[in-house]
$ cat start12.cif   # mmCIF, C-alpha atoms and all ligand atoms
data_structure
#
loop_
_atom_site.group_PDB
_atom_site.id
_atom_site.type_symbol
_atom_site.label_atom_id
_atom_site.label_comp_id
_atom_site.auth_asym_id
_atom_site.auth_seq_id
_atom_site.Cartn_x
_atom_site.Cartn_y
_atom_site.Cartn_z
ATOM 1 C CA MET A 9 21.692 -16.504 24.976
ATOM 2 C CA THR A 10 18.755 -18.516 23.638
ATOM 3 C CA LEU A 11 15.477 -16.758 23.225
ATOM 4 C CA SER A 12 12.277 -18.039 24.830
ATOM 5 C CA ILE A 13 9.728 -18.854 22.144
ATOM 6 C CA VAL A 14 6.006 -19.231 22.782
ATOM 7 C CA ARG A 15 3.547 -20.418 20.167
ATOM 8 C CA SER A 16 0.087 -19.995 21.690
ATOM 9 C CA VAL A 17 -1.810 -16.909 22.796
ATOM 10 C CA SER A 18 -2.260 -18.378 26.280
ATOM 11 C CA ALA A 19 1.484 -19.037 26.677
ATOM 12 C CA LEU A 20 2.198 -15.511 25.387
ATOM 13 C CA ARG A 21 -0.074 -13.995 28.035
ATOM 14 C CA VAL A 22 1.530 -16.032 30.826
ATOM 15 C CA ALA A 23 5.039 -15.040 29.694
ATOM 16 C CA ILE A 24 4.140 -11.349 29.389
ATOM 17 C CA ALA A 25 2.451 -11.359 32.813
ATOM 18 C CA ALA A 26 5.870 -12.190 34.271
ATOM 19 C CA PHE A 27 7.247 -8.942 32.748
ATOM 20 C CA ARG A 28 4.748 -6.802 34.668
ATOM 21 C CA PRO A 29 4.795 -4.162 36.042
ATOM 22 C CA GLY A 30 7.348 -3.509 33.286
ATOM 23 C CA ARG A 31 6.683 -1.461 30.173
ATOM 24 C CA VAL A 32 6.231 -4.054 27.436
ATOM 25 C CA ALA A 33 6.790 -3.383 23.729
ATOM 26 C CA LEU A 34 5.550 -5.540 20.886
ATOM 27 C CA VAL A 35 7.480 -5.624 17.612
ATOM 28 C CA PRO A 36 5.316 -7.499 15.100
ATOM 29 C CA THR A 37 7.167 -8.958 12.094
ATOM 30 C CA MET A 38 6.807 -11.593 9.430
ATOM 31 C CA GLY A 39 10.392 -12.766 9.977
ATOM 32 C CA ALA A 40 13.179 -12.765 7.361
ATOM 33 C CA LEU A 41 14.653 -10.161 9.645
ATOM 34 C CA HIS A 42 17.111 -7.484 8.583
ATOM 35 C CA ALA A 43 18.613 -4.377 10.162
ATOM 36 C CA GLY A 44 15.320 -2.529 9.664
ATOM 37 C CA HIS A 45 13.565 -4.951 12.013
ATOM 38 C CA LEU A 46 16.354 -4.702 14.575
ATOM 39 C CA ALA A 47 15.927 -0.910 14.439
ATOM 40 C CA LEU A 48 12.316 -1.473 15.537
ATOM 41 C CA VAL A 49 13.648 -3.287 18.607
ATOM 42 C CA ALA A 50 16.018 -0.389 19.289
ATOM 43 C CA ALA A 51 13.120 2.066 18.847
ATOM 44 C CA ALA A 52 11.130 0.088 21.416
ATOM 45 C CA ARG A 53 13.970 0.422 23.910
ATOM 46 C CA GLY A 54 14.320 4.102 23.016
ATOM 47 C CA ALA A 55 10.640 4.551 23.839
ATOM 48 C CA GLY A 56 11.262 3.206 27.331
ATOM 49 C CA ALA A 57 10.330 -0.459 26.974
ATOM 50 C CA THR A 58 11.680 -2.579 29.794
ATOM 51 C CA HIS A 59 10.786 -5.761 27.897
ATOM 52 C CA VAL A 60 10.576 -6.302 24.144
ATOM 53 C CA VAL A 61 8.416 -9.048 22.693
ATOM 54 C CA ALA A 62 8.820 -9.757 18.972
ATOM 55 C CA SER A 63 6.391 -11.753 16.909
ATOM 56 C CA ILE A 64 7.103 -13.681 13.734
ATOM 57 C CA PHE A 65 4.018 -14.677 11.800
ATOM 58 C CA VAL A 66 3.718 -14.824 8.031
ATOM 59 C CA ASN A 67 0.094 -13.793 7.993
ATOM 60 C CA PRO A 68 -1.780 -15.593 5.195
ATOM 61 C CA THR A 69 -4.747 -13.208 5.218
ATOM 62 C CA GLN A 70 -2.693 -10.247 4.012
ATOM 63 C CA PHE A 71 -1.493 -12.050 0.871
ATOM 64 C CA GLY A 72 -3.612 -12.183 -2.280
ATOM 65 C CA PRO A 73 -4.130 -15.525 -4.066
ATOM 66 C CA SER A 74 -1.433 -14.759 -6.655
ATOM 67 C CA GLU A 75 1.024 -13.205 -4.195
ATOM 68 C CA ASP A 76 4.177 -14.541 -2.575
ATOM 69 C CA PHE A 77 2.859 -16.175 0.635
ATOM 70 C CA ASP A 78 4.339 -19.588 -0.216
ATOM 71 C CA ARG A 79 7.738 -18.285 -1.226
ATOM 72 C CA TYR A 80 7.956 -15.604 1.494
ATOM 73 C CA PRO A 81 11.376 -16.205 3.121
ATOM 74 C CA ARG A 82 11.225 -18.125 6.421
ATOM 75 C CA ASP A 83 14.208 -18.890 8.704
ATOM 76 C CA GLU A 84 13.049 -18.930 12.305
ATOM 77 C CA ALA A 85 16.379 -20.135 13.753
ATOM 78 C CA ALA A 86 18.342 -17.279 12.154
ATOM 79 C CA ASP A 87 15.646 -14.766 13.110
ATOM 80 C CA ALA A 88 15.569 -15.975 16.733
ATOM 81 C CA ALA A 89 19.365 -15.672 16.958
ATOM 82 C CA ALA A 90 19.214 -12.106 15.595
ATOM 83 C CA LEU A 91 16.446 -11.153 18.031
ATOM 84 C CA ALA A 92 18.344 -12.674 20.974
ATOM 85 C CA ALA A 93 21.467 -10.727 19.988
ATOM 86 C CA ALA A 94 19.340 -7.553 19.810
ATOM 87 C CA GLY A 95 18.186 -8.149 23.398
ATOM 88 C CA VAL A 96 14.614 -9.234 22.684
ATOM 89 C CA ASP A 97 13.076 -10.893 25.730
ATOM 90 C CA LEU A 98 10.474 -13.157 24.136
ATOM 91 C CA LEU A 99 9.461 -14.389 20.693
ATOM 92 C CA PHE A 100 5.863 -15.176 19.799
ATOM 93 C CA ALA A 101 5.929 -17.478 16.759
ATOM 94 C CA PRO A 102 2.489 -19.018 16.344
ATOM 95 C CA ALA A 103 1.374 -21.453 13.671
ATOM 96 C CA VAL A 104 -1.470 -20.345 11.408
ATOM 97 C CA ALA A 105 -3.952 -22.450 13.412
ATOM 98 C CA ALA A 106 -3.011 -20.624 16.627
ATOM 99 C CA MET A 107 -3.868 -17.245 15.079
ATOM 100 C CA TYR A 108 -6.791 -18.403 12.968
ATOM 101 C CA PRO A 109 -8.400 -21.360 14.759
ATOM 102 C CA GLY A 110 -11.062 -23.331 12.881
ATOM 103 C CA GLY A 111 -14.222 -21.303 12.392
ATOM 104 C CA HIS A 112 -12.385 -17.980 12.570
ATOM 105 C CA ALA A 113 -14.799 -15.467 11.022
ATOM 106 C CA THR A 114 -13.843 -11.977 12.178
ATOM 107 C CA THR A 115 -12.195 -9.368 9.985
ATOM 108 C CA VAL A 116 -11.064 -5.903 11.017
ATOM 109 C CA ARG A 117 -11.472 -3.513 8.134
ATOM 110 C CA VAL A 118 -10.264 0.086 8.084
ATOM 111 C CA ALA A 119 -12.390 1.704 5.402
ATOM 112 C CA GLY A 120 -10.887 4.496 3.353
ATOM 113 C CA LEU A 121 -7.279 4.388 4.521
ATOM 114 C CA GLY A 122 -7.139 0.671 3.717
ATOM 115 C CA ASP A 123 -8.737 1.013 0.286
ATOM 116 C CA VAL A 124 -6.382 3.404 -1.511
ATOM 117 C CA LEU A 125 -2.802 3.026 -2.821
ATOM 118 C CA ASP A 126 -1.614 -0.467 -1.798
ATOM 119 C CA GLY A 127 -5.187 -1.275 -0.768
ATOM 120 C CA ALA A 128 -6.319 -0.632 -4.349
ATOM 121 C CA ALA A 129 -3.397 -2.557 -5.844
ATOM 122 C CA ARG A 130 -3.705 -5.430 -3.355
ATOM 123 C CA PRO A 131 -7.438 -5.835 -2.563
ATOM 124 C CA GLY A 132 -7.989 -7.238 0.927
ATOM 125 C CA HIS A 133 -4.362 -6.721 1.975
ATOM 126 C CA PHE A 134 -5.104 -4.200 4.700
ATOM 127 C CA ASP A 135 -8.057 -6.219 5.990
ATOM 128 C CA GLY A 136 -5.533 -8.981 6.647
ATOM 129 C CA VAL A 137 -3.037 -6.576 8.210
ATOM 130 C CA ALA A 138 -5.653 -4.845 10.372
ATOM 131 C CA THR A 139 -7.076 -8.177 11.510
ATOM 132 C CA VAL A 140 -3.775 -9.758 12.474
ATOM 133 C CA VAL A 141 -2.406 -6.611 14.114
ATOM 134 C CA THR A 142 -5.587 -6.260 16.182
ATOM 135 C CA LYS A 143 -5.291 -9.902 17.228
ATOM 136 C CA LEU A 144 -1.603 -9.484 18.115
ATOM 137 C CA LEU A 145 -2.307 -6.331 20.134
ATOM 138 C CA LEU A 146 -5.156 -8.013 21.997
ATOM 139 C CA ALA A 147 -3.085 -11.146 22.628
ATOM 140 C CA ALA A 148 0.011 -9.351 23.906
ATOM 141 C CA ALA A 149 -1.671 -6.251 25.386
ATOM 142 C CA PRO A 150 1.620 -4.327 25.137
ATOM 143 C CA ASN A 151 2.150 -0.782 26.362
ATOM 144 C CA LEU A 152 3.608 0.131 23.007
ATOM 145 C CA ALA A 153 4.048 -1.409 19.588
ATOM 146 C CA VAL A 154 6.564 -0.439 16.935
ATOM 147 C CA PHE A 155 6.081 -0.500 13.161
ATOM 148 C CA GLY A 156 8.375 0.644 10.360
ATOM 149 C CA GLU A 157 7.669 3.799 8.389
ATOM 150 C CA LYS A 158 8.599 1.970 5.178
ATOM 151 C CA ASP A 159 5.035 0.633 5.303
ATOM 152 C CA TRP A 160 3.682 4.166 5.634
ATOM 153 C CA GLN A 161 0.112 3.258 4.708
ATOM 154 C CA GLN A 162 0.173 0.262 7.054
ATOM 155 C CA LEU A 163 1.211 2.576 9.891
ATOM 156 C CA ALA A 164 -1.698 4.922 9.077
ATOM 157 C CA VAL A 165 -4.134 1.991 9.015
ATOM 158 C CA ILE A 166 -2.842 0.710 12.360
ATOM 159 C CA ARG A 167 -3.006 4.139 14.020
ATOM 160 C CA ARG A 168 -6.608 4.458 12.793
ATOM 161 C CA LEU A 169 -7.745 1.058 14.081
ATOM 162 C CA VAL A 170 -6.047 1.618 17.443
ATOM 163 C CA ALA A 171 -7.845 4.965 17.786
ATOM 164 C CA ASP A 172 -11.181 3.610 16.545
ATOM 165 C CA LEU A 173 -11.127 0.544 18.821
ATOM 166 C CA ALA A 174 -9.649 2.534 21.736
ATOM 167 C CA LEU A 175 -6.908 -0.038 22.161
ATOM 168 C CA PRO A 176 -4.734 1.021 25.106
ATOM 169 C CA VAL A 177 -1.414 0.926 23.262
ATOM 170 C CA GLU A 178 1.008 3.574 22.022
ATOM 171 C CA ILE A 179 1.931 3.122 18.369
ATOM 172 C CA ILE A 180 5.450 4.149 17.418
ATOM 173 C CA GLY A 181 6.681 4.596 13.855
ATOM 174 C CA ALA A 182 10.375 3.896 13.285
ATOM 175 C CA PRO A 183 12.287 5.582 10.436
ATOM 176 C CA ILE A 184 13.154 3.646 7.270
ATOM 177 C CA VAL A 185 16.535 1.906 7.307
ATOM 178 C CA ARG A 186 18.311 1.975 3.944
ATOM 179 C CA ASP A 187 21.209 0.199 2.302
ATOM 180 C CA ALA A 188 24.286 2.315 1.546
ATOM 181 C CA ASP A 189 22.951 3.078 -1.950
ATOM 182 C CA GLY A 190 19.568 4.224 -0.590
ATOM 183 C CA LEU A 191 17.351 1.198 -1.238
ATOM 184 C CA ALA A 192 14.992 0.708 1.712
ATOM 185 C CA LEU A 193 15.653 -2.573 3.526
ATOM 186 C CA SER A 194 12.904 -5.116 2.894
ATOM 187 C CA SER A 195 12.637 -8.861 3.300
ATOM 188 C CA ARG A 196 11.520 -8.917 -0.346
ATOM 189 C CA ASN A 197 14.871 -7.469 -1.506
ATOM 190 C CA ALA A 198 16.128 -11.069 -1.181
ATOM 191 C CA PHE A 199 14.027 -11.903 -4.270
ATOM 192 C CA LEU A 200 15.878 -9.415 -6.487
ATOM 193 C CA THR A 201 18.360 -10.767 -9.018
ATOM 194 C CA PRO A 202 21.765 -9.011 -8.926
ATOM 195 C CA GLY A 203 20.764 -6.947 -11.983
ATOM 196 C CA GLU A 204 17.398 -6.006 -10.465
ATOM 197 C CA ARG A 205 19.087 -5.092 -7.199
ATOM 198 C CA ILE A 206 21.297 -2.580 -9.018
ATOM 199 C CA ARG A 207 18.332 -1.055 -10.864
ATOM 200 C CA ALA A 208 16.094 -1.090 -7.767
ATOM 201 C CA VAL A 209 17.955 1.916 -6.391
ATOM 202 C CA THR A 210 16.096 3.994 -8.981
ATOM 203 C CA LEU A 211 13.067 3.812 -6.653
ATOM 204 C CA PRO A 212 14.522 5.919 -3.797
ATOM 205 C CA GLN A 213 16.401 8.051 -6.331
ATOM 206 C CA ALA A 214 13.198 8.867 -8.234
ATOM 207 C CA LEU A 215 11.489 9.835 -4.979
ATOM 208 C CA GLU A 216 14.413 12.055 -3.943
ATOM 209 C CA THR A 217 14.507 13.720 -7.357
ATOM 210 C CA ALA A 218 10.750 14.314 -7.257
ATOM 211 C CA CYS A 219 10.984 15.731 -3.730
ATOM 212 C CA ASP A 220 13.710 18.153 -4.806
ATOM 213 C CA ALA A 221 11.670 19.219 -7.825
ATOM 214 C CA LEU A 222 8.552 19.774 -5.710
ATOM 215 C CA ARG A 223 10.480 21.772 -3.129
ATOM 216 C CA GLU A 224 11.779 23.943 -5.957
ATOM 217 C CA GLY A 225 8.224 24.646 -7.065
ATOM 218 C CA GLY A 226 7.721 21.881 -9.619
ATOM 219 C CA GLU A 227 4.139 21.112 -10.582
ATOM 220 C CA VAL A 228 2.892 18.010 -8.730
ATOM 221 C CA VAL A 229 1.261 16.054 -11.570
ATOM 222 C CA THR A 230 4.178 16.452 -13.984
ATOM 223 C CA THR A 231 6.743 15.747 -11.259
ATOM 224 C CA LEU A 232 5.016 12.514 -10.244
ATOM 225 C CA ALA A 233 4.714 11.492 -13.910
ATOM 226 C CA ALA A 234 8.445 12.104 -14.373
ATOM 227 C CA ALA A 235 9.211 9.886 -11.348
ATOM 228 C CA ALA A 236 7.026 7.109 -12.773
ATOM 229 C CA ALA A 237 8.747 7.462 -16.165
ATOM 230 C CA ALA A 238 12.190 7.227 -14.516
ATOM 231 C CA LEU A 239 11.142 3.942 -12.887
ATOM 232 C CA VAL A 240 9.919 2.493 -16.183
ATOM 233 C CA THR A 241 13.143 3.575 -17.910
ATOM 234 C CA ALA A 242 15.118 1.732 -15.212
ATOM 235 C CA GLY A 243 13.215 -1.496 -15.906
ATOM 236 C CA PHE A 244 10.326 -1.296 -13.436
ATOM 237 C CA ALA A 245 6.827 -2.088 -14.648
ATOM 238 C CA GLN A 246 4.422 0.844 -14.784
ATOM 239 C CA PRO A 247 4.182 1.783 -11.056
ATOM 240 C CA ASP A 248 1.020 0.939 -9.124
ATOM 241 C CA TYR A 249 1.245 4.505 -7.866
ATOM 242 C CA VAL A 250 3.545 7.445 -7.353
ATOM 243 C CA GLU A 251 1.495 9.716 -5.150
ATOM 244 C CA LEU A 252 1.888 12.785 -2.959
ATOM 245 C CA VAL A 253 -0.459 12.455 0.021
ATOM 246 C CA ASP A 254 -1.466 14.243 3.200
ATOM 247 C CA ALA A 255 -1.582 12.705 6.684
ATOM 248 C CA ASP A 256 -4.858 10.933 5.806
ATOM 249 C CA LEU A 257 -3.373 9.551 2.569
ATOM 250 C CA ARG A 258 -5.470 11.933 0.480
ATOM 251 C CA PRO A 259 -3.782 12.858 -2.809
ATOM 252 C CA LEU A 260 -2.283 16.343 -2.902
ATOM 253 C CA THR A 261 -1.998 18.379 -6.056
ATOM 254 C CA ALA A 262 -0.042 21.101 -4.272
ATOM 255 C CA ILE A 263 2.435 20.893 -1.417
ATOM 256 C CA SER A 264 1.022 21.276 2.075
ATOM 257 C CA ALA A 265 2.407 20.086 5.389
ATOM 258 C CA PRO A 266 2.699 17.286 6.249
ATOM 259 C CA ALA A 267 3.148 15.735 2.820
ATOM 260 C CA ARG A 268 4.571 12.324 1.986
ATOM 261 C CA LEU A 269 5.615 10.980 -1.377
ATOM 262 C CA LEU A 270 4.864 7.260 -1.821
ATOM 263 C CA ALA A 271 5.530 4.814 -4.633
ATOM 264 C CA ALA A 272 5.017 1.125 -5.372
ATOM 265 C CA ALA A 273 6.351 -0.610 -8.449
ATOM 266 C CA ARG A 274 7.314 -4.073 -9.555
ATOM 267 C CA ILE A 275 10.749 -4.946 -10.847
ATOM 268 C CA GLY A 276 10.779 -8.451 -12.292
ATOM 269 C CA ALA A 277 8.745 -10.608 -9.902
ATOM 270 C CA THR A 278 9.322 -8.352 -6.889
ATOM 271 C CA ARG A 279 7.059 -5.540 -5.793
ATOM 272 C CA LEU A 280 8.871 -2.757 -3.935
ATOM 273 C CA ILE A 281 7.430 0.149 -1.984
ATOM 274 C CA ASP A 282 9.099 3.256 -0.617
ATOM 275 C CA ASN A 283 8.199 6.686 0.702
ATOM 276 C CA ILE A 284 9.831 9.907 1.712
ATOM 277 C CA ALA A 285 8.802 12.968 3.720
ATOM 278 C CA LEU A 286 8.600 16.190 1.812
HETATM 279 O O1 LIG B 301 4.867 -5.214 8.393
HETATM 280 C C1 LIG B 301 4.768 -6.443 8.580
HETATM 281 O O2 LIG B 301 5.762 -7.159 8.694
HETATM 282 C C2 LIG B 301 3.390 -7.053 8.653
HETATM 283 O O3 LIG B 301 2.504 -6.429 7.784
HETATM 284 C C3 LIG B 301 2.832 -7.096 10.087
HETATM 285 C C4 LIG B 301 2.647 -5.692 10.644
HETATM 286 C C5 LIG B 301 3.763 -7.883 10.985
HETATM 287 C C6 LIG B 301 1.462 -7.775 10.084
HETATM 288 O O4 LIG B 301 1.526 -9.068 9.583
#

$ encode --input "start12.cif" --output "structure tokens"
Amino acid sequence: MTLSIVRSVSALRVAIAAFRPGRVALVPTMGALHAGHLALVAAARGAGATHVVASIFVNPTQFGPSEDFDRYPRDEAADAAALAAAGVDLLFAPAVAAMYPGGHATTVRVAGLGDVLDGAARPGHFDGVATVVTKLLLAAAPNLAVFGEKDWQQLAVIRRLVADLALPVEIIGAPIVRDADGLALSSRNAFLTPGERIRAVTLPQALETACDALREGGEVVTTLAAAAAALVTAGFAQPDYVELVDADLRPLTAISAPARLLAAARIGATRLIDNIAL
């Protein structure tokens, strides 16, 4: 089955109107789809969506000037085939000019949550994410939208902006999907050389080891330092962060519930992120 593709906000609204009174889910992506994205589609169905709309938009405003916007993998035909096979009803695949028409001047900024961790390492990143997600939610006006828990901070930023702007949408977080060896699926894994791919598994392993140590009473600062050292030993650059945080992404120096362990580190030219519940 071929998937219907719309490229303008007006065409998106017309197509979604035809799904009403159904329960519409939006699954925003930047393409280069893998099983983790298809799990978001399944999560949408699991949450009772009668119609699933996916979007593919490599959003320029969430990439820094020296980041990988230009080389970000793009293969719309393969992505559309995968979405059709997963039962997606509609694909929104706008050009940059459709999302950011000339004169575009509005930015959505989530202060605090968007400034720490990845926000500190990638200044402006979450302004771009918050802006495009707000625009996608306003364009599609879905009943629910699904985002992966691999981008834990992104999910927190999106939940905050939806609450703050009183957007009438339910936000659903879908669990991380991992390769057999534990590496979280990511479109950026395609950038890893075979040697880096083997060593990349140290990232989830270091988080697991740190989690075990913390559960057994290990001291937080030394445990996090040991995880960072394990990454460097495996060939990662010094991590941007290895941090234990609470639900508001505030650093914890002792375990309290709910706690999440997050890390971001670069191996070769590829920056990987991961997180795990304690
Ligand atoms: O997680 C992503 O793929 C992107 O950050 C998102 C949410 C589609 C916004 O561009």

$ residues_near_ligand --input "start12.cif" --ligand "ligand LIG 301 (chain B)" --cutoff "6 Å" --atoms "all atoms listed in the file" --output "PDB file with C-alpha atoms, in the frame of the given file"
ATOM      1  CA  PRO A  36       5.316  -7.499  15.100  1.00  0.00           C
ATOM      2  CA  THR A  37       7.167  -8.958  12.094  1.00  0.00           C
ATOM      3  CA  MET A  38       6.807 -11.593   9.430  1.00  0.00           C
ATOM      4  CA  ASN A  67       0.094 -13.793   7.993  1.00  0.00           C
ATOM      5  CA  VAL A 137      -3.037  -6.576   8.210  1.00  0.00           C
ATOM      6  CA  VAL A 141      -2.406  -6.611  14.114  1.00  0.00           C
TER       7      VAL A 141
END

$ resolve_selection --input "start12.cif" --expression "the PyMOL selection byres (((chain A and resi 262-277) around 8) and not hetatm)" --output "NGL selection string"
:A and (126 or 199-200 or 204 or 208 or 211 or 215 or 219 or 222 or 227-228 or 239 or 243-255 or 260-261 or 278-286)

$ residues_near_point --input "start12.cif" --point "(12.9, -20.9, 8.4)" --cutoff "12 Å" --atoms "all atoms listed in the file" --output "PyMOL selection string"
chain A and resi 38-41+64-66+79-89+101

$ atom_distance --input "start12.cif" --atom1 "atom CA of A:Ala47" --atom2 "atom CA of A:Ala182"
7.4 Å

$ residues_near_point --input "start12.cif" --point "(-12.2, -9.9, 12.8)" --cutoff "10 Å" --atoms "only C-alpha atoms" --output "VMD selection string"
chain A and resid 112 to 117 135 to 136 138 to 140 142 to 143

$ write_last_selection --input "start12.cif" --atoms "C-alpha atoms" --output "mmCIF file, in the frame of the given file"
data_model
loop_
_atom_site.group_PDB
_atom_site.id
_atom_site.type_symbol
_atom_site.label_atom_id
_atom_site.label_comp_id
_atom_site.auth_asym_id
_atom_site.auth_seq_id
_atom_site.Cartn_x
_atom_site.Cartn_y
_atom_site.Cartn_z
ATOM 1 C CA HIS A 112 -12.385 -17.980 12.570
ATOM 2 C CA ALA A 113 -14.799 -15.467 11.022
ATOM 3 C CA THR A 114 -13.843 -11.977 12.178
ATOM 4 C CA THR A 115 -12.195 -9.368 9.985
ATOM 5 C CA VAL A 116 -11.064 -5.903 11.017
ATOM 6 C CA ARG A 117 -11.472 -3.513 8.134
ATOM 7 C CA ASP A 135 -8.057 -6.219 5.990
ATOM 8 C CA GLY A 136 -5.533 -8.981 6.647
ATOM 9 C CA ALA A 138 -5.653 -4.845 10.372
ATOM 10 C CA THR A 139 -7.076 -8.177 11.510
ATOM 11 C CA VAL A 140 -3.775 -9.758 12.474
ATOM 12 C CA THR A 142 -5.587 -6.260 16.182
ATOM 13 C CA LYS A 143 -5.291 -9.902 17.228
#

$ atom_distance --input "start12.cif" --atom1 "atom CA of A:Ala55" --atom2 "atom CA of A:Trp160"
19.5 Å

$ atom_distance --input "start12.cif" --atom1 "atom CA of A:Ala153" --atom2 "atom CA of A:Val35"
5.8 Å

$ resolve_selection --input "start12.cif" --expression "the PyMOL selection byres (((chain A and resi 72) around 10) and not hetatm)" --output "PyMOL selection string"
chain A and resi 68-71+73-77+130-133+136

$ write_last_selection --input "start12.cif" --atoms "C-alpha atoms" --output "CSV table (one decimal), keeping the file's coordinate frame"
chain,number,residue,atom,x,y,z
A,68,PRO,CA,-1.8,-15.6,5.2
A,69,THR,CA,-4.7,-13.2,5.2
A,70,GLN,CA,-2.7,-10.2,4.0
A,71,PHE,CA,-1.5,-12.0,0.9
A,73,PRO,CA,-4.1,-15.5,-4.1
A,74,SER,CA,-1.4,-14.8,-6.7
A,75,GLU,CA,1.0,-13.2,-4.2
A,76,ASP,CA,4.2,-14.5,-2.6
A,77,PHE,CA,2.9,-16.2,0.6
A,130,ARG,CA,-3.7,-5.4,-3.4
A,131,PRO,CA,-7.4,-5.8,-2.6
A,132,GLY,CA,-8.0,-7.2,0.9
A,133,HIS,CA,-4.4,-6.7,2.0
A,136,GLY,CA,-5.5,-9.0,6.6

$ closest_residue --input "start12.cif" --among "A:Ala106, A:Val124, A:Ala94, A:Val170" --to "A:Leu146" --atoms "all atoms listed in the file"
A:Val170

$ closest_residue --input "start12.cif" --among "A:His59, A:Gly111, A:Ala171, A:Leu121" --to "A:Ala25" --atoms "all atoms listed in the file"
A:His59

$ build_atoms --input "start12.cif" --residues "stretch 247-261 of chain A" --atoms "N, CA, C and O atoms" --output "tab-separated table (two decimals), keeping the file's coordinate frame"
chain	number	residue	atom	x	y	z
A	247	PRO	N	4.43	1.83	-12.51
A	247	PRO	CA	4.18	1.78	-11.06
A	247	PRO	C	2.69	1.65	-10.73
A	247	PRO	O	1.84	2.15	-11.45
A	248	ASP	N	2.40	0.98	-9.63
A	248	ASP	CA	1.02	0.94	-9.12
A	248	ASP	C	0.58	2.35	-8.74
A	248	ASP	O	-0.56	2.73	-8.93
A	249	TYR	N	1.52	3.09	-8.16
A	249	TYR	CA	1.25	4.50	-7.87
A	249	TYR	C	2.56	5.22	-7.56
A	249	TYR	O	3.52	4.61	-7.08
A	250	VAL	N	2.57	6.49	-7.90
A	250	VAL	CA	3.54	7.44	-7.35
A	250	VAL	C	2.67	8.60	-6.93
A	250	VAL	O	2.06	9.27	-7.76
A	251	GLU	N	2.55	8.82	-5.64
A	251	GLU	CA	1.50	9.72	-5.15
A	251	GLU	C	2.03	10.61	-4.03
A	251	GLU	O	2.79	10.14	-3.17
A	252	LEU	N	1.61	11.86	-4.06
A	252	LEU	CA	1.89	12.78	-2.96
A	252	LEU	C	0.63	12.85	-2.11
A	252	LEU	O	-0.46	13.12	-2.63
A	253	VAL	N	0.75	12.56	-0.81
A	253	VAL	CA	-0.46	12.46	0.02
A	253	VAL	C	-0.31	13.27	1.30
A	253	VAL	O	0.80	13.56	1.76
A	254	ASP	N	-1.46	13.57	1.90
A	254	ASP	CA	-1.47	14.24	3.20
A	254	ASP	C	-1.49	13.19	4.31
A	254	ASP	O	-1.38	11.97	4.04
A	255	ALA	N	-1.66	13.62	5.54
A	255	ALA	CA	-1.58	12.70	6.68
A	255	ALA	C	-2.67	11.63	6.63
A	255	ALA	O	-2.51	10.55	7.20
A	256	ASP	N	-3.78	11.92	5.94
A	256	ASP	CA	-4.86	10.93	5.81
A	256	ASP	C	-4.79	10.19	4.48
A	256	ASP	O	-5.79	9.61	4.04
A	257	LEU	N	-3.63	10.24	3.84
A	257	LEU	CA	-3.37	9.55	2.57
A	257	LEU	C	-4.22	10.09	1.42
A	257	LEU	O	-4.42	9.40	0.42
A	258	ARG	N	-4.72	11.32	1.59
A	258	ARG	CA	-5.47	11.93	0.48
A	258	ARG	C	-4.48	12.54	-0.50
A	258	ARG	O	-3.51	13.19	-0.08
A	259	PRO	N	-4.71	12.32	-1.82
A	259	PRO	CA	-3.78	12.86	-2.81
A	259	PRO	C	-3.70	14.38	-2.75
A	259	PRO	O	-4.73	15.04	-2.57
A	260	LEU	N	-2.50	14.89	-2.87
A	260	LEU	CA	-2.28	16.34	-2.90
A	260	LEU	C	-1.90	16.75	-4.31
A	260	LEU	O	-1.11	16.06	-4.97
A	261	THR	N	-2.43	17.85	-4.76
A	261	THR	CA	-2.00	18.38	-6.06
A	261	THR	C	-1.15	19.63	-5.86
A	261	THR	O	-0.70	20.25	-6.81
